[in-house]
Every structure is written in C-alpha cells, then in structure tokens.
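To be precise, the following lines are structure08.txt, and they hold compact mmCIF, C-alpha atoms and all ligand atoms.
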# COMPACT_ATOMS: atom_id res chain seq x y z
CA MET H 11 36.98 9.56 10.55
CA SER H 12 35.82 9.85 14.09
CA ILE H 13 32.83 7.95 15.34
CA ASP H 14 31.39 8.41 18.78
CA ARG H 15 31.44 5.45 21.12
CA GLN H 16 27.70 4.83 20.96
CA THR H 17 27.77 4.54 17.17
CA ARG H 18 30.92 2.41 17.32
CA ASN H 19 29.16 0.01 19.69
CA ARG H 20 26.20 -0.25 17.38
CA ILE H 21 28.44 -0.93 14.40
CA ASP H 22 30.35 -3.55 16.34
CA ARG H 23 27.11 -5.17 17.33
CA TYR H 24 26.12 -5.58 13.71
CA ILE H 25 29.51 -6.77 12.62
CA ASP H 26 29.44 -9.39 15.33
CA ARG H 27 26.24 -10.72 13.88
CA PRO H 28 26.91 -10.72 10.15
CA ASN H 29 24.22 -13.19 9.21
CA THR H 30 21.31 -11.06 10.26
CA GLY H 31 21.51 -9.14 7.00
CA ARG H 32 20.83 -5.90 8.80
CA ALA H 33 21.89 -2.50 7.60
CA LEU H 34 24.61 -0.81 9.48
CA PRO H 35 23.46 2.42 10.98
CA PHE H 36 24.66 5.12 8.63
CA ASN H 37 25.69 8.03 10.77
CA ALA H 38 26.15 11.53 9.45
CA ARG H 39 28.81 12.24 12.03
CA SER H 40 31.09 9.87 10.16
CA ARG H 41 30.73 11.69 6.87
CA ALA H 42 33.55 13.76 5.52
CA ALA H 43 31.46 15.32 2.78
CA ARG H 44 28.18 17.13 2.86
CA PRO H 45 25.98 18.05 -0.08
CA ASN H 46 26.81 21.33 -1.72
CA ASP H 47 24.44 24.06 -2.77
CA SER H 48 25.46 24.20 -6.39
CA GLY H 49 22.63 23.92 -8.86
CA PRO H 50 19.33 22.16 -8.42
CA TRP H 51 20.93 18.86 -7.52
CA ALA H 52 22.34 17.50 -4.30
CA SER H 53 25.94 16.45 -4.27
CA ASP H 54 26.86 12.91 -5.25
CA THR H 55 28.92 12.69 -2.13
CA VAL H 56 26.08 13.01 0.31
CA ALA H 57 26.20 9.34 1.15
CA HIS H 58 28.32 6.44 0.07
CA LEU H 59 25.67 3.83 -0.08
CA ALA H 60 25.57 0.60 -1.97
CA ASP H 61 22.97 0.10 -4.65
CA PRO H 62 21.11 -3.17 -4.15
CA GLU H 63 20.72 -3.64 -7.89
CA ASN H 64 24.45 -4.32 -8.01
CA ALA H 65 24.83 -5.87 -4.62
CA SER H 66 25.69 -9.39 -3.64
CA PRO H 67 23.18 -11.38 -1.63
CA VAL H 68 22.07 -10.01 1.68
CA GLY H 69 23.57 -11.54 4.77
CA ASN H 70 27.23 -10.90 4.11
CA PRO H 71 28.28 -7.61 5.66
CA THR H 72 30.94 -6.99 3.07
CA ALA H 73 28.99 -8.08 0.04
CA GLY H 74 28.01 -5.22 -2.22
CA ALA H 75 29.37 -2.75 0.25
CA ARG H 76 31.48 0.29 -0.46
CA GLU H 77 33.69 1.98 1.99
CA GLY H 78 31.97 5.24 2.89
CA ASN H 79 34.54 7.35 4.69
CA GLY H 80 35.83 4.22 6.28
CA THR H 81 32.45 3.03 7.48
CA PRO H 82 31.39 -0.21 5.80
CA VAL H 83 27.80 -0.04 4.65
CA PHE H 84 25.87 -3.13 3.78
CA LEU H 85 22.35 -3.95 2.90
CA ASP H 86 19.35 -4.91 4.85
CA GLU H 87 16.87 -7.20 3.20
CA ARG H 88 14.04 -4.84 4.06
CA VAL H 89 15.65 -1.45 3.50
CA TYR H 90 16.55 -0.15 0.04
CA PHE H 91 19.44 2.29 -0.22
CA GLY H 92 19.96 3.95 -3.58
CA GLN H 93 21.79 6.86 -5.10
CA ILE H 94 20.72 8.67 -8.26
CA GLU H 95 23.47 8.23 -10.85
CA ALA H 96 24.61 10.84 -13.38
CA ALA H 97 22.67 9.45 -16.36
CA GLU H 98 19.52 9.21 -14.27
CA LYS H 99 19.94 12.82 -13.13
CA GLU H 100 20.21 13.94 -16.69
CA GLN H 101 17.07 12.07 -17.71
CA LEU H 102 15.10 13.24 -14.66
CA THR H 103 16.16 16.86 -15.27
CA GLU H 104 14.91 16.60 -18.83
CA GLU H 105 11.59 15.13 -17.70
CA LEU H 106 11.17 17.85 -15.05
CA ASP H 107 12.00 20.66 -17.48
CA GLN H 108 9.40 19.45 -19.95
CA PHE H 109 6.82 18.85 -17.24
CA LEU H 110 7.29 22.27 -15.65
CA MET H 111 6.87 23.95 -19.02
CA ALA H 112 3.43 22.38 -19.35
CA ASN H 113 2.34 22.49 -15.69
CA THR H 114 2.33 25.06 -12.92
CA TRP H 115 2.02 24.20 -9.23
CA PRO H 116 -1.68 24.49 -8.32
CA SER H 117 -2.89 25.96 -5.03
CA ASP H 118 -5.48 23.31 -4.15
CA ALA H 119 -4.53 19.90 -2.77
CA ALA H 120 -6.67 17.86 -5.18
CA SER H 121 -4.94 19.42 -8.18
CA GLN H 122 -1.54 18.99 -6.52
CA ALA H 123 -2.30 15.27 -6.13
CA GLN H 124 -3.14 15.14 -9.84
CA ILE H 125 0.18 16.80 -10.68
CA GLY H 126 2.02 14.19 -8.60
CA LYS H 127 0.09 11.41 -10.30
CA ALA H 128 0.89 12.80 -13.73
CA PHE H 129 4.61 12.82 -12.96
CA VAL H 130 4.69 9.12 -11.97
CA GLU H 131 5.25 7.98 -15.54
CA HIS H 132 8.22 10.38 -15.79
CA ILE H 133 9.78 8.89 -12.64
CA LYS H 134 9.29 5.41 -14.06
CA ARG H 135 11.02 6.45 -17.27
CA ALA H 136 13.89 8.43 -15.72
CA VAL H 137 14.70 6.31 -12.66
CA PRO H 138 13.03 2.93 -13.16
CA ARG H 139 14.96 1.21 -10.36
CA ILE H 140 13.73 3.81 -7.85
CA SER H 141 10.19 3.34 -9.03
CA GLN H 142 10.63 -0.44 -8.71
CA ALA H 143 12.00 -0.08 -5.18
CA LEU H 144 8.96 1.98 -4.18
CA GLN H 145 6.65 -0.56 -5.75
CA LYS H 146 8.38 -3.29 -3.78
CA ALA H 147 7.89 -1.25 -0.60
CA LYS H 148 4.22 -0.95 -1.45
CA GLN H 149 4.07 -4.73 -1.87
CA GLY H 150 5.64 -5.14 1.58
CA LYS H 151 9.07 -6.31 0.37
CA TYR H 152 10.84 -3.26 1.86
CA ASP H 153 10.06 -1.48 5.11
CA ALA H 154 11.97 1.65 4.08
CA VAL H 155 13.51 3.25 1.00
CA TYR H 156 16.33 5.81 1.23
CA ILE H 157 17.50 7.64 -1.87
CA THR H 158 20.12 10.34 -2.27
CA GLY H 159 20.97 12.73 -5.09
CA LEU H 160 17.49 13.99 -6.00
CA PRO H 161 16.77 17.58 -7.12
CA VAL H 162 16.69 20.17 -4.36
CA ASP H 163 14.86 22.99 -6.12
CA LEU H 164 11.53 23.35 -4.29
CA ASN H 165 9.43 23.37 -7.47
CA CYS H 166 11.01 20.11 -8.58
CA ALA H 167 11.16 18.56 -5.12
CA ARG H 168 7.46 18.75 -4.32
CA ILE H 169 6.51 17.23 -7.68
CA VAL H 170 9.05 14.41 -7.32
CA LEU H 171 7.96 13.86 -3.70
CA LEU H 172 4.28 13.61 -4.61
CA ALA H 173 5.00 11.30 -7.54
CA MET H 174 7.08 8.97 -5.36
CA THR H 175 4.38 9.13 -2.66
CA GLN H 176 1.79 8.27 -5.30
CA ILE H 177 3.72 5.12 -6.26
CA LEU H 178 3.36 4.02 -2.62
CA GLY H 179 -0.34 4.85 -2.31
CA GLU H 180 -2.76 7.78 -2.28
CA PRO H 181 -1.35 11.04 -0.87
CA PHE H 182 -3.52 12.68 1.82
CA ASN H 183 -3.46 14.73 5.00
CA TYR H 184 -5.72 15.82 7.83
CA SER H 185 -6.92 19.41 7.73
CA CYS H 186 -5.72 19.99 11.32
CA GLN H 187 -2.12 19.05 10.59
CA ASN H 188 0.60 21.30 9.13
CA GLY H 189 -1.92 23.72 7.69
CA GLY H 190 -3.80 20.91 5.95
CA GLU H 191 -1.21 20.93 3.15
CA LEU H 192 -0.70 17.86 0.97
CA VAL H 193 3.03 18.62 0.91
CA MET H 194 3.72 19.43 4.55
CA GLU H 195 6.64 21.68 5.39
CA LEU H 196 8.45 20.57 8.52
CA ARG H 197 10.43 23.40 10.07
CA PRO H 198 11.63 23.85 13.63
CA ILE H 199 9.70 26.46 15.61
CA GLU H 200 11.36 27.94 18.66
CA GLY H 201 9.51 27.13 21.88
CA SER H 202 7.59 24.17 20.43
CA VAL H 203 6.25 21.48 22.72
CA GLY H 204 8.50 18.40 23.02
CA ASN H 205 7.98 15.37 20.80
CA THR H 206 6.35 17.27 17.97
CA ASN H 207 7.68 17.70 14.45
CA SER H 208 8.43 21.37 15.12
CA THR H 209 10.63 20.90 18.18
CA ARG H 210 14.40 21.34 17.88
CA ASP H 211 14.90 18.77 20.62
CA ASP H 212 14.97 15.02 20.17
CA PHE H 213 11.70 13.65 18.83
CA ALA H 214 11.49 10.23 20.50
CA LEU H 215 10.53 6.89 18.94
CA HIS H 216 7.01 6.78 17.60
CA THR H 217 4.65 5.73 14.87
CA ASP H 218 2.59 8.58 13.48
CA ASP H 219 -1.05 8.93 14.47
CA ALA H 220 -1.24 5.70 16.50
CA ALA H 221 -4.61 6.72 17.95
CA VAL H 222 -6.13 6.90 14.47
CA PRO H 223 -7.82 3.69 13.20
CA ASP H 224 -5.83 1.61 10.69
CA ALA H 225 -7.82 2.49 7.60
CA ALA H 226 -7.50 6.23 8.29
CA ARG H 227 -3.84 6.27 9.31
CA THR H 228 -0.87 6.91 7.05
CA GLU H 229 0.80 3.76 5.76
CA PHE H 230 3.93 5.40 4.36
CA ILE H 231 5.61 8.57 5.54
CA CYS H 232 7.69 10.20 2.82
CA LEU H 233 10.33 12.77 3.73
CA TYR H 234 12.32 14.91 1.30
CA GLY H 235 15.19 17.10 2.41
CA ILE H 236 15.58 20.69 1.25
CA VAL H 237 17.79 22.01 4.06
CA ASN H 238 19.13 19.97 6.96
CA PRO H 239 21.63 21.18 9.56
CA PRO H 240 24.71 19.02 10.18
CA ASN H 241 24.27 16.05 12.48
CA THR H 242 20.50 16.06 12.25
CA LEU H 243 19.50 12.44 11.79
CA THR H 244 16.25 10.59 11.27
CA GLY H 245 16.05 7.03 12.58
CA PHE H 246 13.91 4.01 11.80
CA ALA H 247 13.74 0.74 13.72
CA PRO H 248 12.05 -2.21 11.98
CA THR H 249 9.67 -3.83 14.45
CA ILE H 250 10.59 -7.30 13.27
CA ASP H 251 14.23 -6.75 14.36
CA ALA H 252 13.20 -5.54 17.80
CA LEU H 253 10.85 -8.49 18.26
CA ARG H 254 13.48 -10.98 17.13
CA ASP H 255 15.84 -9.74 19.83
CA LEU H 256 13.14 -9.88 22.48
CA ARG H 257 12.11 -13.38 21.44
CA ALA H 258 15.72 -14.50 21.91
CA SER H 259 15.58 -13.34 25.53
CA THR H 260 14.01 -14.88 28.62
CA SER H 261 10.57 -16.45 28.89
CA PHE H 262 9.47 -13.44 30.95
CA VAL H 263 10.45 -11.07 28.14
CA ASN H 264 8.62 -13.35 25.68
CA ALA H 265 5.55 -13.09 27.87
CA LEU H 266 5.85 -9.29 27.72
CA VAL H 267 5.93 -9.45 23.92
CA ASP H 268 2.66 -11.36 24.04
CA VAL H 269 1.21 -8.63 26.27
CA LEU H 270 1.99 -6.10 23.49
CA LYS H 271 -0.51 -8.00 21.33
CA GLU H 272 -3.32 -7.51 23.83
CA ARG H 273 -5.71 -4.57 23.89
CA ARG H 274 -4.21 -3.25 27.12
CA PHE H 275 -2.99 0.13 25.84
CA ARG H 276 -4.27 3.57 24.90
CA PHE H 277 -2.64 6.09 22.57
CA ARG H 278 -2.83 9.86 22.82
CA PHE H 279 -3.82 11.80 19.73
CA PRO H 280 -0.92 13.93 18.47
CA THR H 281 -0.36 17.31 20.06
CA SER H 282 0.10 18.67 16.53
CA PHE H 283 -3.62 18.03 15.87
CA ASN H 284 -4.23 21.02 18.15
CA PHE H 285 -7.18 19.65 20.12
CA GLU H 286 -8.36 21.75 23.04
CA GLU H 287 -7.92 18.85 25.44
CA GLU H 288 -5.83 15.69 25.60
CA LEU H 289 -7.57 12.89 23.73
CA TRP H 290 -6.76 9.17 24.07
CA SER H 291 -7.85 6.22 21.95
CA GLY H 292 -9.90 3.32 23.23
CA PRO H 293 -8.09 0.07 24.24
CA CYS H 294 -5.67 -1.07 21.51
CA SER H 295 -2.80 -3.47 21.06
CA VAL H 296 0.71 -2.20 20.33
CA ILE H 297 1.53 -4.91 17.82
CA LYS H 298 -0.51 -7.19 15.63
CA VAL H 299 1.37 -10.04 13.96
CA ASN H 300 0.09 -10.92 10.50
CA ASP H 301 0.06 -14.30 8.80
CA ASP H 302 3.24 -13.39 6.90
CA GLY H 303 5.13 -12.84 10.17
CA ASN H 304 5.26 -9.06 9.84
CA ALA H 305 4.06 -7.06 12.77
CA GLU H 306 1.86 -3.99 12.50
CA THR H 307 2.95 -1.49 15.09
CA ARG H 308 1.37 1.43 16.90
CA PHE H 309 3.83 2.84 19.36
CA PRO H 310 4.19 6.51 20.23
CA SER H 311 6.69 5.84 23.03
CA PHE H 312 5.82 9.14 24.76
CA ALA H 313 2.06 8.87 24.26
CA VAL H 314 1.18 5.28 25.16
CA LYS H 315 -0.15 4.06 28.49
CA PRO H 316 -1.75 0.92 29.88
CA VAL H 317 -5.55 0.99 30.02
CA ARG H 318 -5.19 0.46 33.78
CA ASP H 319 -2.61 2.59 35.58
CA ASP H 320 -1.73 -0.31 37.91
CA ASP H 321 -1.07 -2.75 35.05
CA PHE H 322 2.64 -3.08 35.82
CA ILE H 323 3.11 -5.88 33.31
CA ALA H 324 1.87 -3.61 30.53
CA HIS H 325 4.21 -0.84 31.77
CA ALA H 326 7.09 -3.35 31.62
CA ALA H 327 6.08 -4.45 28.11
CA ILE H 328 6.24 -0.82 26.92
CA ALA H 329 9.69 -0.41 28.48
CA VAL H 330 11.28 -3.53 26.98
CA PHE H 331 9.81 -2.88 23.54
CA ARG H 332 11.15 0.69 23.56
CA ALA H 333 14.60 -0.52 24.66
CA SER H 334 14.77 -3.15 21.92
CA LEU H 335 13.65 -0.68 19.25
CA GLU H 336 16.36 1.76 20.34
CA LEU H 337 18.98 -0.94 19.80
CA ASN H 338 17.74 -1.57 16.27
CA VAL H 339 17.53 2.00 14.95
CA PHE H 340 19.43 2.92 11.82
CA GLU H 341 19.89 6.63 11.22
CA VAL H 342 20.18 8.66 8.04
CA PRO H 343 20.29 12.38 7.33
CA ILE H 344 17.39 13.85 5.37
CA ASP H 345 19.86 16.18 3.68
CA GLN H 346 19.34 18.20 0.52
CA GLY H 347 17.98 15.92 -2.17
CA CYS H 348 17.59 12.93 0.16
CA PHE H 349 14.34 11.00 0.28
CA LEU H 350 13.27 8.58 2.98
CA ALA H 351 10.01 6.66 2.88
CA PHE H 352 9.16 4.18 5.58
CA ASN H 353 6.23 2.02 6.47
CA ASN H 354 4.51 3.56 9.49
CA SER H 355 3.23 0.13 10.61
CA ARG H 356 6.35 -1.95 10.05
CA GLY H 357 8.64 0.09 12.27
CA VAL H 358 9.06 3.02 14.59
CA HIS H 359 10.88 6.26 13.78
CA LYS H 360 12.57 9.11 15.59
CA ARG H 361 14.49 12.29 14.91
CA GLY H 362 17.52 13.50 16.79
CA ALA H 363 17.93 17.08 17.96
CA ILE H 364 18.09 19.57 15.10
CA GLY H 365 21.49 21.21 14.70
CA LYS H 366 22.00 24.95 14.42
CA GLY H 367 20.47 26.69 11.43
CA GLU H 368 17.49 26.44 9.16
CA ARG H 369 15.79 23.11 8.42
CA LEU H 370 13.13 22.33 5.86
CA VAL H 371 11.96 18.81 5.18
CA LEU H 372 8.93 18.17 3.01
CA ARG H 373 6.60 15.41 4.13
CA ALA H 374 3.76 13.57 2.44
CA TYR H 375 1.51 10.81 3.74
CA SER H 376 0.19 7.93 1.69
CA ILE H 377 -2.51 5.36 2.30
CA GLN H 378 -3.60 2.42 0.15
CA SER H 379 -7.10 3.78 -0.33
CA LEU H 380 -8.97 6.97 0.47
CA ASP H 381 -12.30 5.09 0.59
CA PHE H 382 -12.56 4.81 4.38
CA LEU H 383 -11.54 8.43 4.95
CA ARG H 384 -14.11 9.55 2.38
CA GLU H 385 -16.82 7.39 3.93
CA VAL H 386 -16.18 8.56 7.51
CA THR H 387 -15.77 12.26 6.75
CA GLY H 388 -18.12 12.59 3.77
CA GLU H 389 -15.36 14.59 2.09
CA PRO H 390 -13.73 13.92 -1.29
CA GLY H 391 -10.17 14.47 -0.04
CA PRO H 392 -7.26 14.37 -0.27
CA ILE H 393 -7.47 16.61 2.84
CA PHE H 394 -9.81 15.28 5.55
CA SER H 395 -11.32 16.54 8.81
CA ILE H 396 -10.08 14.71 11.89
CA ASP H 397 -13.18 15.07 14.10
CA PRO H 398 -15.25 12.25 12.53
CA ILE H 399 -12.17 10.02 12.75
CA VAL H 400 -11.67 10.80 16.44
CA GLU H 401 -15.28 9.83 17.07
CA ILE H 402 -14.78 6.31 15.74
CA ALA H 403 -11.44 5.90 17.59
CA GLY H 404 -13.38 5.21 20.77
CA THR H 405 -11.98 7.95 22.93
FE FE I 1 6.72 11.06 12.91
Serialized structure, structure tokens:
Amino acid sequence: MSIDRQTRNRIDRYIDRPNTGRALPFNARSRAARPNDSGPWASDTVAHLADPENASPVGNPTAGAREGNGTPVFLDERVYFGQIEAAEKEQLTEELDQFLMANTWPSDAASQAQIGKAFVEHIKRAVPRISQALQKAKQGKYDAVYITGLPVDLNCARIVLLAMTQILGEPFNYSCQNGGELVMELRPIEGSVGNTNSTRDDFALHTDDAAVPDAARTEFICLYGIVNPPNTLTGFAPTIDALRDLRASTSFVNALVDVLKERRFRFRFPTSFNFEEELWSGPCSVIKVNDDGNAETRFPSFAVKPVRDDDFIAHAAIAVFRASLELNVFEVPIDQGCFLAFNNSRGVHKRGAIGKGERLVLRAYSIQSLDFLREVTGEPGPIFSIDPIVEIAGT
C-alpha cells in the first residue's frame, strides 16, 4: 500500500488523538481493489469498512476495525459506515425483481417520488440495519451515512436511491437545477465553470444552496455511484469537529468563531441555477448553534463574503473556519454501488478533481417537509421554481 504524505499526516493526526472517536479518512488511493463490472452489483471489495452493528464502542481506534489494505478504519460516532452483506443482497435483489415486474419508471417527478416511497418498505425488509441508520440520521444521530455494495443497474439504483432519500425526508428539486429532475444526474462537462457539480476540477468546500432560506434548502444530499473514475473522492467535514478544534485554540480564534454566528455574511446563489446575473443573499450567519450543541452551517467557501468589504475580522473568520474544516474532512469514493448521504447543515462537503473517464453519480435532495416550498411557490412539487424563493432570500 502506498499512501501519499498528506493522507499519512491526516491518519497520524487521528491516531494521535484516539479518544476523539473520529473516523479515519478513508482514501481511495490506498485501495488495492476496485469494484468490478460484473452483474448488477458492486464488488464486495470496494471498501473494507467496519459495520457499526458489530463494532465495539466508539472512541477506541482499533475497536471494531478491520484492516482495509493495511489502513485501519474505525468508527465515528456521527458517521455510519456499512457494507451490504451477501444475504442482504439476495433479499434486496428479490425485492427489486418483484417490484420492477409490477412497476415501470414513470416520466414525471411526482410519480417517481411515489415509486421511491413505495419501495421504502422493501428496503426496510431487505436491509433493516441500513434503514435504521438512515432513520437515525434523520433523527440527528448521524451526520452522514456511507454504504457500499448496492445494485449498480440504473433502473434499480434510482429506485433504491429515492427510497433511501425518502427515509431521510421528502425528495425534491428546483426546476432550474440539473434539468429539474428528481433524480439528478451528475456528469462532468468539459469547459464547465469552476466550483460547480459539472466541473472536472476540484469542487471546493461548500454547503449546497446556502443562499436559500432554511425551510427551502435541502437537509440531506444523497449520492449514488454508477460510474466513478479512480481516485475521485468526495469529502465531508462535520462542523462540530472543526469548531471543537477552533475552540481549543487562542482567544482570538474563539472570538472569530463567535463572529461566524453573526449576520455579517452574504452567500451567492449557485452558478448552476443559471441566473442571468450574480445574486447574493441578504445578511446571514455562517453557523447557528442549537440547544443540543449541533451547529447549522451555511458555508460555500468560494461564494461567501462579509456584508462589508472592509470587515477584516469577518474575512479572518471565513479563513480560519475553512482551514479547520479542511483538517477535518474524511473522503470516500462514490464508486459503483456506493451511497453517501450527509446532512447539508451539519457539515461541509467537497469533491476532488475527477479522474480520467466517464463519471455518473445520481443525486437526490431531501427536506423534512415540502410545506414551505409549496406555500412560497404555490406549486405542488416535488419540483419547485426558484424565483419566489430568491425573492424571500432578501437579495
Ligand atoms: Fe454540493
């Protein structure tokens, strides 16, 4: 196994602090095996990850861990790692076969959402622990859920994706984004603008749709790999980890964290919304700490600015927060049959440069309730116009 120095340093950093209970960054570059293309299923060897159902208590870096190509992997108390086992595959295949005999993929988003909803009971029956992990994420007990070994056939994948998204909330999208599809297809497009989901370059740390008001913004982002070039990794940094490190620093840095809680920032609406001109939100805070200690985050690192250009303290707050998040990123590949769902408010995500070759990752958004979106747009959903939402964002 060869690990680059940067990854080695990150691993060492975690090992030096075994009581934090954090996940080691799982890095595709350390993998000897990649999923194969045989049949509708991803290879078992895609990732050697421990299953928390069988794991020892969090906090011990060796507890419950397996050796994955020499890289010890252990569990984070807020991230669920799971691999579909052989018996579960068999059961899920059976459920999918029966379901596909009785249902065809509809063309309209509302019917697609119904199909996803109908398949939830099959997921619960075939892979109950996965369903339970998603329910725990919905309850706030996990910030992210990563699962390997799911079906890779497109017909199966979009149904499984929508069902898993449905367990987390109500699937939806904006009509201006990715063709207004409920199951968005993320593919690289040559010549795309930087920091968009279609660029082949690095897509820097961000939360999705930070300029959009809370009740109209995605809570969970669900990604499902169909094709992923080697060494193409998706990263997630839990905000609470980044804040903990900053709080352990100097009083000046602590003061900067407090600045992040003030409405001293504006966020740019995503380029992918295709507005004619650049649109920015009204004054917002970057983080909001809840009573339970969790922090809601809005942080597109490339599309955030202080309300006042000369607010150097706010500029410094952005810089230290970004640096701390970078140090707390764990990375996973969204390979064939891999699923990653993460809470868009509890952490910040990124994607490294896309390797050579084709890539297709399916994405679905979920939100706890469609009520606010329906009220603001006057539309039934699950696909909504963005313009009425922009109006209330105080641009
Ligand atoms: Fe994103």
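Nearest to Arg168 (chain H) of all the residues H:Pro392, H:Pro398, H:Pro198, H:Gly347 is H:Gly347, counting all atoms listed in the file.
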query: Which residue out of H:Val339, H:Ala327, H:Leu215, H:Ile364 has the minimum interatomic distance to ligand FE 1 (chain I) when all atoms listed in the file are used?
result: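 Nearest candidate to ligand FE 1 (chain I) out of H:Val339, H:Ala327, H:Leu215, H:Ile364: H:Leu215.
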Within 7 Å of ligand FE 1 (chain I), which residues of chain H come that close, and what is the closest atom pair and distance in Å for each? Count only C-alpha atoms and all ligand atoms and give it as a Markdown table.
| residue | atom | partner | partner_atom | distance |
| --- | --- | --- | --- | --- |
| H:Asn207 | CA | I:FE1 | FE | 6.9 |
| H:His216 | CA | I:FE1 | FE | 6.4 |
| H:Thr217 | CA | I:FE1 | FE | 6.0 |
| H:Asp218 | CA | I:FE1 | FE | 4.9 |
| H:His359 | CA | I:FE1 | FE | 6.4 |
| H:Lys360 | CA | I:FE1 | FE | 6.7 |
Closest contacts (region 249-293 of chain H/region 140-154 of chain H, max 12 Å, all atoms listed in the file) as a Markdown table:
| residue | atom | partner | partner_atom | distance |
| --- | --- | --- | --- | --- |
| H:Thr249 | CA | H:Asp153 | CA | 9.6 |
| H:Ile250 | CA | H:Asp153 | CA | 10.0 |
| H:Asp251 | CA | H:Asp153 | CA | 11.4 |
Got a sec: who's within 9 Å of Arg227 (chain H), counting all atoms listed in the file, leaving out chain neighbours fewer than 5 positions off, as an mmCIF file with C-alpha atoms, in the coordinates of the input?
data_model
loop_
_atom_site.group_PDB
_atom_site.id
_atom_site.type_symbol
_atom_site.label_atom_id
_atom_site.label_comp_id
_atom_site.auth_asym_id
_atom_site.auth_seq_id
_atom_site.Cartn_x
_atom_site.Cartn_y
_atom_site.Cartn_z
ATOM 1 C CA ASP H 218 2.590 8.580 13.480
ATOM 2 C CA ASP H 219 -1.050 8.930 14.470
ATOM 3 C CA ALA H 220 -1.240 5.700 16.500
ATOM 4 C CA ALA H 221 -4.610 6.720 17.950
ATOM 5 C CA VAL H 222 -6.130 6.900 14.470
ATOM 6 C CA ASN H 354 4.510 3.560 9.490
ATOM 7 C CA TYR H 375 1.510 10.810 3.740
ATOM 8 C CA SER H 376 0.190 7.930 1.690
ATOM 9 C CA ILE H 377 -2.510 5.360 2.300
#
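Counting only C-alpha atoms, the residue from H:Ala226, H:Ala374, H:Ala97, H:Val203 that sits nearest to Phe394 (chain H) is H:Ala226.
Between CA of Glu401 (chain H) and CA of Asn353 (chain H) the separation is 25.2 Å.
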message: Using Å and a single decimal, report how far CA of Ile393 (chain H) sits from CA of Asn188 (chain H).
response: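 Those two atoms sit 11.3 Å apart.
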message: My list of candidates is H:Arg273, H:Arg373, H:Arg139, H:Arg332. Which is closest to Leu253 (chain H) when distances are computed with all atoms listed in the file?
response: H:Arg332
- request: Write out as JSON, numbers by chain each polymer residue whose atoms come within 12 Å of Ser117 (chain H), counting only C-alpha atoms; drop sequence neighbours fewer than 6 positions from it.
  value: {"H": [123, 124, 125, 191, 192, 193]}
Would you export the selected residues with C-alpha atoms as a PDB file, in the coordinates of the input, please?
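Once written, out.pdb looks like this:
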ATOM      1  CA  ALA H 123      -2.300  15.270  -6.130  1.00  0.00           C
ATOM      2  CA  GLN H 124      -3.140  15.140  -9.840  1.00  0.00           C
ATOM      3  CA  ILE H 125       0.180  16.800 -10.680  1.00  0.00           C
ATOM      4  CA  GLU H 191      -1.210  20.930   3.150  1.00  0.00           C
ATOM      5  CA  LEU H 192      -0.700  17.860   0.970  1.00  0.00           C
ATOM      6  CA  VAL H 193       3.030  18.620   0.910  1.00  0.00           C
TER       7      VAL H 193
END
- request: Counting all atoms listed in the file, select every polymer residue within 6 Å of (7.0, 9.8, 20.1) as defined in the file's coordinates, and provide the selection as a PyMOL selection string.
  value: chain H and resi 205+214-216+310-312
field: Polymer residues at most 8 Å from Val237 (chain H), only C-alpha atoms, same-chain spacing of 2 or more positions, as JSON, numbers by chain
entry: {"H": [235, 239, 345, 346, 368, 369, 370, 371]}
message: Between CA of Gly367 (chain H) and CA of Asn183 (chain H), what distance in Å does the model show, to one decimal?
response: 27.5 Å
Residue nearest Gly362 (chain H) - candidates H:Pro138, H:Pro390, H:Pro343, H:Gly126, atoms counted: all atoms listed in the file: H:Pro343
- prompt: Taking all atoms listed in the file into account, which of H:Asn238, H:Gln122, H:Gln108, H:Thr114 comes nearest Val342 (chain H)?
  reply: H:Asn238
- request: Select all residues near (9.0, 22.1, 5.5) (cut-off 7 Å, inclusive, file coordinates), counting all atoms listed in the file, and output them as a VMD selection string.
  value: chain H and resid 194 to 197 370 to 372
query: Near region 275-291 of chain H, within 7 Å and counting all atoms listed in the file, which residues show up once chain neighbours fewer than 4 positions away are dropped, as a ChimeraX atom specification?
result: /H:186-187,206,219-221,295,313-317,403-405
query: Val296 (chain H): which residues within 8 Å, counting only C-alpha atoms, same-chain residues fewer than 2 positions away excluded, as an MDAnalysis selection string?
result: chainID H and resid 270:273 275 294 298 307:309
Output, as lines of an AutoDock Vina configuration file, the centre and edge lengths in Å (one decimal) of the axis-aligned box that contains all listed atoms of region 222-240 of chain H with 4 Å of margin on each side.
center_x = 8.4
center_y = 11.8
center_z = 7.9
size_x = 40.5
size_y = 28.4
size_z = 21.2
